[in-house]
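Single-structure report; data block below.
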Amino acid sequence: MNQQRIAGALMGAFIGDALGLGCHWYYDLDELRRDYGTVTGYTQPKAGRYHAGMSAGQLSQAGLIQVMLMQSVIAQGEYVDADFTRRLDDDLFPQLDGTPMTGPGGYTNQSLREAWRCRVEHKLSWLQTGGAADTSESAERAIVLAARYANSPAKLAHSVVANTQLTQNDPAIMSMSLAFAAVLGQLIKGEKMRPEISMTLMGLVKTGELPFHSVTSKNYGAPKVGQADIPQAGNFSSPDALLTPMYAAQTALDPDIRIEPAAKVAAVYGLPCAIYHLLPAAYYLATRFANDFESAVLAAINGGGQNMSRAMLTGALVGAQVGLSGIPSRFIDGLENGSELVKLSQSLADLAQ
């Protein structure tokens with residue numbers, strides 16, 4: 001693996017998160033343009049909106065949790081559930097009260113609010129905190145785990161599923177989060193975002209390294225007569241989440257399909273917060289702008305809606321492809337504690353080598 005690609009993925013996620021802070025959750029795109037024009041960098045949140053009172057270039061709570069998870073993995077050398085959850089219990093949850101507009105980072109997402117209630121109000125164990133939120137927080141945390149375990153798909157799968165279950169227990173959300181992490185792992189290993197990446201991942205399903213259920217033969221043909229269907233414990237119902245990258249990449253590369261400007265990909269796949277709206281757009285942008293970090297993350301932001309998560313996911317995918325050196329310095333310079341975040345990312349990259 002290349003340390004540049006690991007650090008690029010991690011810093012790309014931080015930058016995408018911070019880019020969305022000021023202009024987050026504008027579903028009226030005319031209002032977004034009135035307030036910010038075409039977004040070209042970090043923006044100050046407006047009074048009365050999400051993250052009001054924070055400053056341009058700061059991380060949201062999602063970014064702060066990424067820092068927490070990175071620190072845990074670096075301290076332990078591996079992903080250790082008990083260490084990460086201790087940090088949530090000791091460092092994050094005392095700052096929350098179960099309402100959206102409180103806590104570090106200016107806003108607390110639904111899945112974290114539900115986990116807080118389970119732990120703080122109901123005194124439940126971390127085995128009982130997963131809720132029904134269909135948002136992308138689990139995929140965002142999986143960026144760190146993909147960086148650590150890109151060379152070990154089985155370990156990547158185990159850690160992503162365990163970490164997802166802390167906040168979200170829907171198998172479909174788990175499968176999409178794992179699929180995203182598996183794609184990112186391949187990019188960290190040096191692959192490019194292209195349709196063939198899904199076939200690589202399907203190969204890992206066949207070898208049992210990724211826990212998806214599949215009985216089809218080559219090119220999705222029918223299984224052979226008498227072929228045994230031997231399920232593995234914990235298998236997801238189907239590997240379709242691994243195929244979404246292929247179709248999004250084909251769309252980006254097809255000369256007969258044009259989405260202009262690229263930011264309108266958000267309107268194609270949907271502006272809301274659900275992970276199934278966000279991932280196809282991120283895969284599309286990561287294919288179209290595989291070598292252009294700035295164009296990718298700014299298109300993700302200018303699409304509006306849940307642009308923070310869209311840019312965080314896109315930033316990780318493209319950051320992994322261009323490496324840390326391929327990220328324009330202005331994005332790192334404008335990020336609060338940018339140099340410290342680079343050092344933290346490089347420390348995790350050193351661990352993952």
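Following the order of the structure tokens, chains are lettered A, B, ..., residues in each are numbered from 1, and ligands are numbered from 1.
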| query | If we count only C-alpha atoms, what is near Asp350 in chain A at a cut-off of 10 Å, once residues fewer than 5 positions away on the same chain are taken out, given as a list of chain:residue names? | reply | A:Asn2, A:Gln3, A:Ile6, A:Ala7, A:Ile74, A:Arg148, A:Leu344, A:Ser345
Take the selection from the previous step and output its residues with C-alpha atoms, as a PDB file, in the first residue's frame.
```pdb
ATOM      1  CA  ASN A   2       1.028   3.570  -0.531  1.00  0.00           C
ATOM      2  CA  GLN A   3       1.165   5.874   2.499  1.00  0.00           C
ATOM      3  CA  ILE A   6      -3.929   6.286   2.861  1.00  0.00           C
ATOM      4  CA  ALA A   7      -3.218   9.820   4.031  1.00  0.00           C
ATOM      5  CA  ILE A  74      -3.346   4.263  16.361  1.00  0.00           C
ATOM      6  CA  ARG A 148      -6.165   0.403   8.328  1.00  0.00           C
ATOM      7  CA  LEU A 344      -2.457  12.031  12.446  1.00  0.00           C
ATOM      8  CA  SER A 345      -3.264  10.666   8.979  1.00  0.00           C
TER       9      SER A 345
END
```
Rows by chain and residue number, range 131-191 of chain A within 9 Å of range 8-21 of chain A, shortest pair, only C-alpha atoms, as JSON lines:
```
{"residue": "A:Glu140", "atom": "CA", "partner": "A:Ala13", "partner_atom": "CA", "distance": 8.1}
{"residue": "A:Ile143", "atom": "CA", "partner": "A:Leu10", "partner_atom": "CA", "distance": 7.0}
{"residue": "A:Val144", "atom": "CA", "partner": "A:Leu10", "partner_atom": "CA", "distance": 6.9}
{"residue": "A:Ala147", "atom": "CA", "partner": "A:Ala9", "partner_atom": "CA", "distance": 7.5}
{"residue": "A:Leu184", "atom": "CA", "partner": "A:Ala9", "partner_atom": "CA", "distance": 8.2}
{"residue": "A:Ile188", "atom": "CA", "partner": "A:Ala9", "partner_atom": "CA", "distance": 7.6}
```
Based on the selection just made, write N, CA and C atoms of those residues as a compact mmCIF listing (two decimals), in the first residue's frame.
```txt
# COMPACT_ATOMS: atom_id res chain seq x y z
N GLU A 140 -19.01 6.67 6.86
CA GLU A 140 -18.00 7.70 7.13
C GLU A 140 -16.95 7.18 8.10
N ILE A 143 -14.22 4.80 6.70
CA ILE A 143 -13.06 5.34 5.99
C ILE A 143 -11.78 5.01 6.76
N VAL A 144 -11.83 5.19 8.07
CA VAL A 144 -10.66 4.90 8.91
C VAL A 144 -10.33 3.42 8.86
N ALA A 147 -8.72 2.39 5.64
CA ALA A 147 -7.33 2.81 5.63
C ALA A 147 -6.45 1.83 6.40
N LEU A 184 -13.12 1.59 -1.20
CA LEU A 184 -12.03 2.48 -0.77
C LEU A 184 -10.75 1.69 -0.54
N ILE A 188 -7.11 2.45 -2.21
CA ILE A 188 -5.90 2.63 -1.41
C ILE A 188 -4.80 1.70 -1.89
```
| said: When you count only C-alpha atoms, which of these residues is closest to Ala142 in chain A: A:Met101, A:Leu271, A:Leu187, A:Met70? | reply: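 Closest residue, counting only C-alpha atoms: A:Met70.
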| query | Which one is closest to Pro195 in chain A: A:Ala267, A:Val39, A:Ala248, A:Ala133? Count only C-alpha atoms. | reply |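 With only C-alpha atoms as the atom set, the closest residue is A:Ala248.
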| request: From a DSSP calculation on the backbone, collect every residue of range 46-242 of chain A in helix (DSSP H, G or I) and output the set as JSON, numbers by chain. | output: {"A": [61, 62, 63, 64, 65, 66, 67, 68, 69, 70, 71, 72, 73, 74, 75, 76, 81, 82, 83, 84, 85, 86, 87, 88, 89, 90, 91, 92, 93, 94, 95, 110, 111, 112, 113, 114, 115, 116, 117, 118, 119, 120, 121, 126, 127, 128, 137, 138, 139, 140, 141, 142, 143, 144, 145, 146, 147, 148, 149, 153, 154, 155, 156, 157, 158, 159, 160, 161, 162, 163, 164, 171, 172, 173, 174, 175, 176, 177, 178, 179, 180, 181, 182, 183, 184, 185, 186, 187, 188, 196, 197, 198, 199, 200, 201, 202, 203, 204, 205, 206, 218, 219, 220, 240, 241, 242]}
| request: Would you please work out which residue, of A:Met199, A:Gly185, A:Leu69, A:Gly106, is nearest to Gly48 in chain A when using only C-alpha atoms? | output: A:Gly106
| What lies within 6 Å of range 289-306 of chain A using only C-alpha atoms, ignoring chain neighbours under 2 positions off, as number ranges by chain? | A: 25-27, 262-264, 266, 271-273, 285-287, 308-311, 315, 318, 322
Fewer than 6 positions away in the same chain doesn't count, so skip those; otherwise give me all residues within 9 Å of Ala52 in chain A, counting only C-alpha atoms, as a PDB file with all heavy atoms, in the first residue's frame.
```
ATOM      1  N   GLY A  22     -20.424  25.102   6.396  1.00  0.00           N
ATOM      2  CA  GLY A  22     -21.180  26.342   6.283  1.00  0.00           C
ATOM      3  C   GLY A  22     -22.428  26.218   5.441  1.00  0.00           C
ATOM      4  O   GLY A  22     -23.474  26.787   5.760  1.00  0.00           O
ATOM      5  N   GLN A  44     -18.553  30.103   6.032  1.00  0.00           N
ATOM      6  CA  GLN A  44     -19.033  30.381   7.390  1.00  0.00           C
ATOM      7  C   GLN A  44     -20.523  30.039   7.480  1.00  0.00           C
ATOM      8  O   GLN A  44     -21.306  30.474   6.643  1.00  0.00           O
ATOM      9  CB  GLN A  44     -18.839  31.868   7.712  1.00  0.00           C
ATOM     10  CG  GLN A  44     -19.126  32.246   9.144  1.00  0.00           C
ATOM     11  CD  GLN A  44     -17.935  31.983  10.048  1.00  0.00           C
ATOM     12  OE1 GLN A  44     -16.823  31.768   9.574  1.00  0.00           O
ATOM     13  NE2 GLN A  44     -18.169  31.978  11.345  1.00  0.00           N
ATOM     14  N   PRO A  45     -20.943  29.258   8.470  1.00  0.00           N
ATOM     15  CA  PRO A  45     -22.381  28.985   8.616  1.00  0.00           C
ATOM     16  C   PRO A  45     -23.157  30.265   8.898  1.00  0.00           C
ATOM     17  O   PRO A  45     -22.699  31.130   9.647  1.00  0.00           O
ATOM     18  CB  PRO A  45     -22.438  28.018   9.809  1.00  0.00           C
ATOM     19  CG  PRO A  45     -21.066  27.448   9.932  1.00  0.00           C
ATOM     20  CD  PRO A  45     -20.139  28.526   9.472  1.00  0.00           C
ATOM     21  N   LYS A  46     -24.338  30.388   8.292  1.00  0.00           N
ATOM     22  CA  LYS A  46     -25.195  31.539   8.523  1.00  0.00           C
ATOM     23  C   LYS A  46     -25.920  31.396   9.860  1.00  0.00           C
ATOM     24  O   LYS A  46     -26.178  30.291  10.343  1.00  0.00           O
ATOM     25  CB  LYS A  46     -26.228  31.668   7.392  1.00  0.00           C
ATOM     26  CG  LYS A  46     -25.632  31.825   6.002  1.00  0.00           C
ATOM     27  CD  LYS A  46     -24.948  33.158   5.824  1.00  0.00           C
ATOM     28  CE  LYS A  46     -24.457  33.336   4.378  1.00  0.00           C
ATOM     29  NZ  LYS A  46     -23.755  34.615   4.182  1.00  0.00           N
ATOM     30  N   GLY A 106     -21.444  21.128  16.266  1.00  0.00           N
ATOM     31  CA  GLY A 106     -22.615  21.922  15.938  1.00  0.00           C
ATOM     32  C   GLY A 106     -23.890  21.174  15.649  1.00  0.00           C
ATOM     33  O   GLY A 106     -24.969  21.765  15.635  1.00  0.00           O
TER      34      GLY A 106
END
```
